[in-house]
$ cat input_10.tsv   # TSV, C-alpha atoms
chain	number	residue	atom	x	y	z
T	200	MET	CA	116.87	136.37	88.26
T	201	LYS	CA	115.14	139.26	90.00
T	202	GLU	CA	114.10	137.66	93.29
T	203	ILE	CA	114.59	134.66	95.52
T	204	ASN	CA	111.94	133.23	97.81
T	205	VAL	CA	113.26	133.10	101.37
T	206	VAL	CA	111.62	130.33	103.41
T	207	VAL	CA	112.40	130.28	107.13
T	208	THR	CA	111.28	127.17	109.02
T	209	MET	CA	111.28	125.68	112.51
T	210	ASP	CA	110.77	122.09	113.63
T	211	CYS	CA	108.65	122.12	116.78
T	212	GLU	CA	109.50	119.06	118.83
T	213	PRO	CA	107.91	117.58	121.94
T	214	THR	CA	109.68	118.15	125.24
T	215	THR	CA	112.54	115.87	126.21
T	216	GLN	CA	110.54	114.94	129.31
T	217	THR	CA	108.23	112.91	127.06
T	218	THR	CA	110.86	111.47	124.70
T	219	HIS	CA	114.51	111.13	125.74
T	220	PRO	CA	116.92	113.46	127.59
T	221	THR	CA	119.31	113.57	124.62
T	222	ALA	CA	116.64	114.05	121.96
T	223	THR	CA	116.04	117.29	120.08
T	224	GLY	CA	113.36	119.39	121.72
T	225	PRO	CA	112.84	121.87	124.59
T	226	HIS	CA	113.13	120.64	128.15
T	227	ASP	CA	109.70	122.16	128.87
T	228	TRP	CA	106.89	123.90	127.00
T	229	GLU	CA	107.88	127.34	128.30
T	230	LEU	CA	111.19	127.10	126.47
T	231	GLY	CA	109.27	125.90	123.41
T	232	ARG	CA	107.08	129.00	123.60
T	233	ARG	CA	110.05	131.34	123.93
T	234	ALA	CA	111.70	129.62	120.97
T	235	CYS	CA	108.69	129.86	118.67
T	236	GLU	CA	107.64	133.41	119.56
T	237	GLY	CA	111.18	134.77	119.71
T	238	TYR	CA	112.03	133.24	116.34
T	239	ALA	CA	108.97	134.82	114.74
T	240	ALA	CA	109.87	138.21	116.20
T	241	ILE	CA	113.47	138.18	114.93
T	242	VAL	CA	112.64	136.76	111.51
T	243	GLY	CA	109.83	139.30	111.26
T	244	GLU	CA	112.32	142.13	111.69
T	245	TYR	CA	113.79	141.05	108.36
T	246	GLY	CA	110.35	140.91	106.75
T	247	PHE	CA	109.97	137.12	106.57
T	248	PRO	CA	107.20	134.84	107.88
T	249	VAL	CA	107.91	131.50	109.55
T	250	THR	CA	106.79	128.02	108.54
T	251	TYR	CA	106.42	125.84	111.65
T	252	PHE	CA	106.49	122.05	111.31
T	253	ILE	CA	104.74	120.92	114.48
T	254	HIS	CA	104.92	117.51	116.16
T	255	PRO	CA	101.47	116.33	117.33
T	256	GLU	CA	102.41	116.61	121.01
T	257	ALA	CA	103.38	120.24	120.52
T	258	ALA	CA	100.20	120.92	118.56
T	259	VAL	CA	98.10	119.56	121.42
T	260	ALA	CA	100.07	121.23	124.22
T	261	GLN	CA	100.49	124.64	122.55
T	262	ALA	CA	97.50	124.93	120.26
T	263	ALA	CA	96.61	128.47	121.32
T	264	MET	CA	100.12	129.72	120.64
T	265	PHE	CA	100.32	128.16	117.19
T	266	LYS	CA	96.88	129.47	116.26
T	267	GLY	CA	98.04	132.95	117.26
T	268	LEU	CA	101.19	132.61	115.18
T	269	ARG	CA	99.09	131.42	112.24
T	270	ASP	CA	96.81	134.46	112.64
T	271	GLY	CA	99.96	136.59	112.46
T	272	GLY	CA	100.97	135.13	109.08
T	273	ALA	CA	102.82	131.94	109.99
T	274	CYS	CA	102.39	128.74	107.99
T	275	LEU	CA	101.82	125.44	109.85
T	276	GLY	CA	102.64	121.87	108.87
T	277	LEU	CA	102.97	118.42	110.46
T	278	HIS	CA	106.33	117.23	111.80
T	279	MET	CA	106.97	113.60	112.66
T	280	HIS	CA	109.57	111.51	114.46
T	281	PRO	CA	107.75	108.14	114.61
T	282	TRP	CA	109.67	106.92	117.66
T	283	LYS	CA	108.88	110.10	119.63
T	284	TYR	CA	105.21	109.80	118.70
T	285	SER	CA	105.26	106.13	119.66
T	286	MET	CA	106.61	106.88	123.12
T	287	TRP	CA	103.81	109.41	123.63
T	288	ARG	CA	100.82	107.53	122.18
T	289	HIS	CA	101.75	103.85	122.19
T	290	GLN	CA	104.31	103.41	125.00
T	291	GLY	CA	106.89	102.49	122.39
T	292	LYS	CA	104.90	99.56	120.98
T	293	ARG	CA	104.19	100.97	117.49
T	294	PHE	CA	106.19	103.00	114.99
T	295	MET	CA	109.45	102.68	116.95
T	296	ALA	CA	111.67	103.73	114.07
T	297	HIS	CA	112.96	106.72	112.19
T	298	TYR	CA	110.55	107.74	109.43
T	299	GLY	CA	112.65	106.17	106.69
T	300	GLY	CA	112.50	102.85	108.52
T	301	LEU	CA	108.71	102.54	108.22
T	302	THR	CA	106.99	100.46	105.56
T	303	GLU	CA	104.57	102.11	103.16
T	304	GLU	CA	101.57	100.86	105.14
T	305	GLU	CA	103.08	101.92	108.46
T	306	GLN	CA	103.55	105.42	107.06
T	307	ARG	CA	99.88	105.54	106.03
T	308	ASP	CA	98.71	104.37	109.45
T	309	LEU	CA	100.96	106.81	111.30
T	310	LEU	CA	100.01	109.83	109.19
T	311	ARG	CA	96.28	109.11	109.34
T	312	GLU	CA	96.35	108.81	113.11
T	313	SER	CA	98.66	111.74	113.86
T	314	SER	CA	96.96	114.05	111.35
T	315	LEU	CA	93.65	113.61	113.15
T	316	LEU	CA	95.22	114.63	116.47
T	317	TRP	CA	96.92	117.59	114.80
T	318	GLU	CA	93.63	118.67	113.19
T	319	GLU	CA	91.71	118.39	116.46
T	320	ALA	CA	94.25	120.65	118.14
T	321	LEU	CA	94.71	123.28	115.44
T	322	GLY	CA	91.35	123.27	113.65
T	323	GLU	CA	92.58	122.33	110.18
T	324	ARG	CA	94.02	119.23	108.61
T	325	PRO	CA	97.73	119.41	107.82
T	326	THR	CA	98.66	119.64	104.15
T	327	LEU	CA	102.40	120.20	104.62
T	328	PHE	CA	104.89	117.72	106.08
T	329	ARG	CA	108.48	117.31	107.24
T	330	PRO	CA	109.91	114.04	108.61
T	331	GLY	CA	112.18	114.20	111.63
T	332	THR	CA	115.89	114.25	110.77
T	333	PHE	CA	114.74	114.29	107.12
T	334	SER	CA	114.51	110.52	107.39
T	335	ALA	CA	112.71	109.00	104.40
T	336	ASN	CA	112.56	106.13	101.95
T	337	ASP	CA	111.17	105.85	98.43
T	338	SER	CA	107.56	105.50	99.67
T	339	VAL	CA	107.51	108.91	101.35
T	340	PHE	CA	106.07	111.08	98.58
T	341	LYS	CA	103.66	108.50	97.22
T	342	VAL	CA	102.03	108.08	100.64
T	343	LEU	CA	101.91	111.81	101.37
T	344	ALA	CA	100.24	112.54	98.02
T	345	GLU	CA	97.72	109.73	98.51
T	346	LEU	CA	96.73	111.15	101.90
T	347	GLY	CA	96.10	114.66	100.56
T	348	PHE	CA	99.31	116.43	101.53
T	349	LYS	CA	100.24	118.93	98.83
T	350	GLY	CA	103.82	119.62	99.83
T	351	GLY	CA	106.48	119.87	102.44
T	352	SER	CA	110.18	120.14	103.15
T	353	CYS	CA	111.47	116.60	103.33
T	354	SER	CA	115.07	116.65	102.15
T	355	VAL	CA	118.52	118.07	102.81
T	356	PRO	CA	120.45	117.51	99.56
T	357	GLY	CA	123.75	115.77	100.19
T	358	ARG	CA	122.87	114.57	103.70
T	359	MET	CA	124.20	111.10	104.46
T	360	MET	CA	123.06	109.71	107.82
T	361	PRO	CA	122.41	106.00	107.25
T	362	GLU	CA	121.75	105.26	110.92
T	363	MET	CA	118.86	107.75	110.81
T	364	ARG	CA	117.65	106.40	107.43
T	365	ALA	CA	118.32	109.89	106.05
T	366	ILE	CA	120.16	109.51	102.75
T	367	TRP	CA	119.82	112.39	100.30
T	368	THR	CA	122.94	112.06	98.15
T	369	GLY	CA	122.19	113.25	94.62
T	370	ALA	CA	118.87	114.81	95.66
T	371	LEU	CA	117.48	117.77	93.74
T	372	PRO	CA	118.36	121.13	95.34
T	373	ASP	CA	115.32	123.17	94.23
T	374	PRO	CA	111.54	122.95	94.79
T	375	HIS	CA	110.00	120.31	92.52
T	376	ARG	CA	107.11	117.94	92.07
T	377	ALA	CA	108.05	114.66	93.69
T	378	SER	CA	108.32	111.15	92.31
T	379	ALA	CA	106.26	108.21	93.56
T	380	VAL	CA	109.10	105.76	93.01
T	381	MET	CA	112.40	107.53	93.80
T	382	ARG	CA	112.77	110.20	96.45
T	383	GLN	CA	115.82	111.98	94.97
T	384	VAL	CA	114.28	112.88	91.60
T	385	ALA	CA	111.36	114.87	90.21
T	386	GLY	CA	108.12	113.27	89.15
T	387	PRO	CA	104.49	113.92	88.26
T	388	LEU	CA	102.95	113.84	91.76
T	389	ASP	CA	100.74	116.67	92.96
T	390	PHE	CA	103.13	116.98	95.89
T	391	VAL	CA	105.97	119.52	95.98
T	392	ASN	CA	109.15	119.06	97.97
T	393	VAL	CA	110.95	122.21	99.10
T	394	PRO	CA	114.49	121.12	100.09
T	395	VAL	CA	116.57	122.80	102.73
T	396	SER	CA	119.18	124.81	100.81
T	397	THR	CA	122.74	123.51	101.12
T	398	ASP	CA	126.09	124.95	100.02
T	399	PHE	CA	127.54	122.38	97.62
T	400	SER	CA	130.97	124.03	97.62
T	401	THR	CA	131.87	122.34	100.92
T	402	LEU	CA	131.46	118.70	101.95
T	403	LEU	CA	131.71	117.96	105.67
T	404	GLU	CA	132.35	114.49	107.08
T	405	GLY	CA	131.61	113.20	110.56
T	406	ARG	CA	131.33	110.04	112.60
T	407	LEU	CA	129.45	106.91	111.48
T	408	GLY	CA	130.06	107.79	107.84
T	409	ARG	CA	127.97	110.95	108.04
T	410	ARG	CA	128.32	113.55	105.31
T	411	LEU	CA	126.59	116.88	104.79
T	412	HIS	CA	126.90	120.32	103.24
T	413	PRO	CA	126.64	123.54	105.29
T	414	ASP	CA	123.37	125.46	105.39
T	415	LEU	CA	122.06	128.61	107.04
T	416	ARG	CA	120.61	127.06	110.20
T	417	PRO	CA	121.55	128.87	113.44
T	418	ASP	CA	121.65	125.57	115.34
T	419	ILE	CA	125.31	124.95	114.44
T	420	ASP	CA	128.33	127.12	115.10
T	421	TRP	CA	129.64	126.54	111.59
T	422	GLU	CA	132.71	128.73	111.98
T	423	SER	CA	134.14	127.19	115.15
T	424	GLN	CA	133.23	123.62	114.24
T	425	TYR	CA	133.91	123.58	110.50
T	426	GLY	CA	135.65	126.83	109.57
T	427	VAL	CA	132.87	128.17	107.37
T	428	THR	CA	130.93	131.39	107.94
T	429	TYR	CA	127.36	132.54	107.33
T	430	PRO	CA	128.47	135.18	104.79
T	431	SER	CA	130.30	132.54	102.75
T	432	ILE	CA	127.41	130.06	102.95
T	433	ALA	CA	124.87	132.72	101.97
T	434	LYS	CA	126.92	134.01	99.04
T	435	ASN	CA	127.53	130.49	97.76
T	436	LEU	CA	123.83	129.62	98.02
T	437	VAL	CA	122.85	132.72	96.03
T	438	ASP	CA	125.59	132.18	93.42
T	439	GLN	CA	124.67	128.52	92.97
T	440	LEU	CA	121.00	129.40	92.66
T	441	ILE	CA	121.74	132.00	89.99
T	442	GLU	CA	123.75	129.41	88.07
T	443	ARG	CA	121.00	126.76	88.25
T	444	LYS	CA	118.15	129.16	87.28
T	445	PRO	CA	115.30	127.06	88.74
T	446	PRO	CA	111.68	127.98	87.87
T	447	VAL	CA	110.92	128.92	91.50
T	448	PRO	CA	114.18	130.18	93.05
T	449	THR	CA	114.13	129.48	96.78
T	450	ILE	CA	116.44	129.47	99.77
T	451	CYS	CA	115.07	127.47	102.69
T	452	PHE	CA	116.60	126.99	106.12
T	453	ILE	CA	115.68	125.42	109.44
T	454	THR	CA	115.99	125.56	113.21
T	455	HIS	CA	114.41	123.84	116.23
T	456	ASN	CA	112.32	124.93	119.19
T	457	HIS	CA	114.88	124.27	121.93
T	458	TYR	CA	116.75	127.57	121.59
T	459	ASP	CA	115.70	130.61	123.60
T	460	TYR	CA	115.20	133.09	120.79
T	461	ARG	CA	113.75	135.54	123.33
T	462	ASP	CA	117.22	135.79	124.91
T	463	PRO	CA	119.55	138.14	122.98
T	464	ALA	CA	122.55	136.50	124.64
T	465	ASP	CA	121.68	132.96	123.54
T	466	PRO	CA	124.33	131.84	121.02
T	467	ALA	CA	121.62	130.58	118.66
T	468	THR	CA	119.94	133.99	118.75
T	469	ARG	CA	123.19	135.68	117.75
T	470	ARG	CA	123.76	133.14	114.98
T	471	LEU	CA	120.21	133.62	113.70
T	472	ARG	CA	120.80	137.33	113.28
T	473	GLN	CA	124.14	136.62	111.58
T	474	SER	CA	122.46	134.17	109.22
T	475	LEU	CA	119.66	136.53	108.25
T	476	ALA	CA	122.01	139.47	107.82
T	477	ALA	CA	124.34	137.38	105.66
T	478	LEU	CA	121.48	136.23	103.45
T	479	ARG	CA	120.19	139.77	103.04
T	480	GLN	CA	123.70	140.98	102.18
T	481	ALA	CA	124.24	138.18	99.65
T	482	CYS	CA	120.96	138.96	97.90
T	483	ASP	CA	121.66	142.70	97.88
T	484	GLY	CA	125.15	142.09	96.53
T	485	ALA	CA	123.71	140.11	93.63
T	486	GLY	CA	121.01	142.70	92.97
T	487	ILE	CA	118.28	140.22	93.89
T	488	HIS	CA	115.19	140.86	96.01
T	489	ALA	CA	114.85	138.55	99.03
T	490	ALA	CA	111.11	137.89	98.83
T	491	PRO	CA	109.17	136.71	101.90
T	492	ALA	CA	107.73	133.23	101.38
T	493	THR	CA	106.44	130.16	103.19
T	494	VAL	CA	106.69	126.51	102.30
T	495	GLU	CA	103.04	126.71	101.26
T	496	SER	CA	103.50	129.68	98.93
T	497	VAL	CA	106.45	127.97	97.21
T	498	VAL	CA	104.47	124.73	96.92
T	499	ASP	CA	101.59	126.59	95.31
T	500	ALA	CA	103.95	128.34	92.89
T	501	VAL	CA	105.41	125.02	91.72
T	502	LEU	CA	101.99	123.36	91.45
T	503	ALA	CA	100.85	126.24	89.24
T	504	LEU	CA	103.54	125.34	86.67
T	505	PRO	CA	102.88	122.69	84.01
T	506	TYR	CA	104.68	119.42	84.66
T	507	GLU	CA	107.28	118.65	82.04
T	508	GLU	CA	108.46	115.06	81.93
T	509	GLU	CA	112.18	114.59	81.45
T	510	ASP	CA	113.38	112.82	78.32
T	511	MET	CA	114.72	109.36	78.97
T	512	VAL	CA	118.51	109.10	78.69
T	513	LEU	CA	119.61	105.89	77.02
T	514	GLU	CA	122.50	103.99	78.54
T	515	GLY	CA	124.75	104.36	75.51
T	516	SER	CA	124.36	108.12	75.40
T	517	ILE	CA	125.28	108.93	79.01
T	518	MET	CA	128.89	109.83	78.25
T	519	SER	CA	128.32	111.18	74.74
T	520	LYS	CA	128.83	114.86	73.98

$ encode --input "input_10.tsv" --output "structure tokens"
Amino acid sequence: MKEINVVVTMDCEPTTQTTHPTATGPHDWELGRRACEGYAAIVGEYGFPVTYFIHPEAAVAQAAMFKGLRDGGACLGLHMHPWKYSMWRHQGKRFMAHYGGLTEEEQRDLLRESSLLWEEALGERPTLFRPGTFSANDSVFKVLAELGFKGGSCSVPGRMMPEMRAIWTGALPDPHRASAVMRQVAGPLDFVNVPVSTDFSTLLEGRLGRRLHPDLRPDIDWESQYGVTYPSIAKNLVDQLIERKPPVPTICFITHNHYDYRDPADPATRRLRQSLAALRQACDGAGIHAAPATVESVVDAVLALPYEEEDMVLEGSIMSK
């Protein structure tokens, strides 16, 4: 393995003034601007572009900023928390659920409506998608492919948050064509899922039966809360990727637009620099080039590969050697 695609993403939420005081998101659009622009500046120092997944409210309110970021090399996609969108557009009377709680038809209706608003604001229809909290059910990829989306970042392998309808136990860790019938496996769809990269060497457990693996996001103080560090996470991610040898090697991580990445003293800003430095060091230590990439460029790379259907494993042969 000579290089790894490094995909740096941000979920751009609406302000908490339009959703709920405890929700993810900036308290006002000025903080959202500082988050988005500051993130791009820091990530750019390391030679990487940013993929922004933008909620429709943010696309409408900050269209000029996102167009400018796109002109500077950023990649843009649609982000969606149905209940946040419902509070904005429908006074909480439609789509009041996490994304994985919507029926197949509700997903179609929501995506058609919100994509039009997003397109009106940003001048192009969205072709990339990420659900809020990575909430999804087995209809997610079928509906996205039907509506013309070509890819996205919809999963965090190992995440177990039943109350958010975000269950990704056993999910594939590397970019792959998605299945129309089961979200955790590969399939023949012309839709590519680029998972957030998680360190499978550590399993963390929390309240309400939650389980997850660490990742490179700067949102969490991993060391003080869980006793793991960015250098260890980064090295494990690289080592695990080398062992798996996927066709399109990729490390993808995430943050949100409620951190002031323009402020050097903000704890998230410091953690972002630690995360990026650790990833660079892990790649250098393995003799691997950390290649700049976006969700779209990884999606295109996977779509360019021929689809190879897996052989069916018969029940009697599962435990055979």

$ closest_atom_pairs --input "input_10.tsv" --of "range 379-422 of chain T" --to "range 452-459 of chain T" --cutoff "7 Å" --atoms "all atoms listed in the file" --output "Markdown table"
| residue | atom | partner | partner_atom | distance |
| --- | --- | --- | --- | --- |
| T:Val395 | CA | T:Phe452 | CA | 5.4 |
| T:Ser396 | CA | T:Phe452 | CA | 6.3 |
| T:Asp414 | CA | T:Phe452 | CA | 7.0 |
| T:Leu415 | CA | T:Phe452 | CA | 5.8 |
| T:Arg416 | CA | T:Ile453 | CA | 5.3 |
| T:Pro417 | CA | T:Thr454 | CA | 6.5 |
| T:Asp418 | CA | T:Thr454 | CA | 6.0 |

$ closest_residue --input "input_10.tsv" --among "T:Val205, T:Leu471, T:Leu411, T:Val512" --to "Ser354 in chain T" --atoms "all atoms listed in the file"
T:Leu411

$ closest_residue --input "input_10.tsv" --among "T:Ile366, T:Tyr245, T:Phe252, T:Pro281" --to "Asp210 in chain T" --atoms "all atoms listed in the file"
T:Phe252

$ residues_around --input "input_10.tsv" --residues "Arg479 in chain T" --least-positions-apart "6" --cutoff "9 Å" --atoms "only C-alpha atoms" --output "list in words"
Tyr245, Ala433, His488 and Ala489 of chain T

$ atom_distance --input "input_10.tsv" --atom1 "CA of Gln306 in chain T" --atom2 "CA of Val342 in chain T"
7.1 Å

$ residues_around --input "input_10.tsv" --residues "Asp337 in chain T" --least-positions-apart "3" --cutoff "7 Å" --atoms "only C-alpha atoms" --output "list in words"
Val380, Met381 and Arg382 of chain T

$ atom_distance --input "input_10.tsv" --atom1 "CA of Ala492 in chain T" --atom2 "CA of Ile419 in chain T"
23.4 Å

$ build_atoms --input "input_10.tsv" --residues "range 377-405 of chain T" --atoms "N, CA and C atoms" --output "compact mmCIF listing (two decimals), in the frame of the given file"
# COMPACT_ATOMS: atom_id res chain seq x y z
N ALA T 377 107.34 115.84 93.25
CA ALA T 377 108.05 114.66 93.69
C ALA T 377 107.69 113.43 92.85
N SER T 378 108.52 112.43 92.99
CA SER T 378 108.32 111.15 92.31
C SER T 378 107.71 110.14 93.27
N ALA T 379 106.88 109.27 92.74
CA ALA T 379 106.26 108.21 93.56
C ALA T 379 107.18 107.01 93.74
N VAL T 380 108.28 106.97 93.00
CA VAL T 380 109.10 105.76 93.01
C VAL T 380 110.54 106.00 93.45
N MET T 381 111.01 107.25 93.40
CA MET T 381 112.40 107.53 93.80
C MET T 381 112.47 108.91 94.43
N ARG T 382 112.89 108.96 95.68
CA ARG T 382 112.77 110.20 96.45
C ARG T 382 113.72 111.31 95.98
N GLN T 383 114.84 110.96 95.33
CA GLN T 383 115.82 111.98 94.97
C GLN T 383 115.52 112.73 93.67
N VAL T 384 114.51 112.30 92.92
CA VAL T 384 114.28 112.88 91.60
C VAL T 384 112.90 113.51 91.52
N ALA T 385 112.67 114.26 90.44
CA ALA T 385 111.36 114.87 90.21
C ALA T 385 110.41 113.85 89.60
N GLY T 386 109.13 114.15 89.71
CA GLY T 386 108.12 113.27 89.15
C GLY T 386 106.82 114.01 88.92
N PRO T 387 105.75 113.29 88.63
CA PRO T 387 104.49 113.92 88.26
C PRO T 387 103.50 114.10 89.41
N LEU T 388 103.91 113.78 90.65
CA LEU T 388 102.95 113.84 91.76
C LEU T 388 102.48 115.27 92.01
N ASP T 389 101.26 115.37 92.51
CA ASP T 389 100.74 116.67 92.96
C ASP T 389 101.20 116.91 94.40
N PHE T 390 102.47 116.74 94.61
CA PHE T 390 103.13 116.98 95.89
C PHE T 390 104.46 117.63 95.58
N VAL T 391 104.74 118.76 96.24
CA VAL T 391 105.97 119.52 95.98
C VAL T 391 106.89 119.44 97.19
N ASN T 392 108.12 119.06 96.93
CA ASN T 392 109.15 119.06 97.97
C ASN T 392 109.98 120.32 97.87
N VAL T 393 110.14 121.00 99.01
CA VAL T 393 110.95 122.21 99.10
C VAL T 393 112.18 121.87 99.94
N PRO T 394 113.31 121.55 99.32
CA PRO T 394 114.49 121.12 100.09
C PRO T 394 115.08 122.24 100.93
N VAL T 395 115.71 121.86 102.03
CA VAL T 395 116.57 122.80 102.73
C VAL T 395 117.75 123.12 101.81
N SER T 396 118.14 124.37 101.73
CA SER T 396 119.18 124.81 100.81
C SER T 396 120.57 124.55 101.40
N THR T 397 121.41 123.85 100.64
CA THR T 397 122.74 123.51 101.12
C THR T 397 123.81 124.06 100.18
N ASP T 398 124.96 124.38 100.76
CA ASP T 398 126.09 124.95 100.02
C ASP T 398 126.96 123.81 99.50
N PHE T 399 126.85 123.53 98.20
CA PHE T 399 127.54 122.38 97.62
C PHE T 399 129.05 122.59 97.47
N SER T 400 129.54 123.78 97.78
CA SER T 400 130.97 124.03 97.62
C SER T 400 131.80 123.37 98.71
N THR T 401 131.17 122.95 99.79
CA THR T 401 131.87 122.34 100.92
C THR T 401 131.19 121.04 101.31
N LEU T 402 131.97 119.98 101.47
CA LEU T 402 131.46 118.70 101.95
C LEU T 402 132.09 118.42 103.30
N LEU T 403 131.25 118.21 104.31
CA LEU T 403 131.71 117.96 105.67
C LEU T 403 131.49 116.49 106.02
N GLU T 404 132.45 115.90 106.70
CA GLU T 404 132.35 114.49 107.08
C GLU T 404 132.43 114.36 108.59
N GLY T 405 131.65 113.41 109.13
CA GLY T 405 131.61 113.20 110.56
C GLY T 405 131.66 111.73 110.91
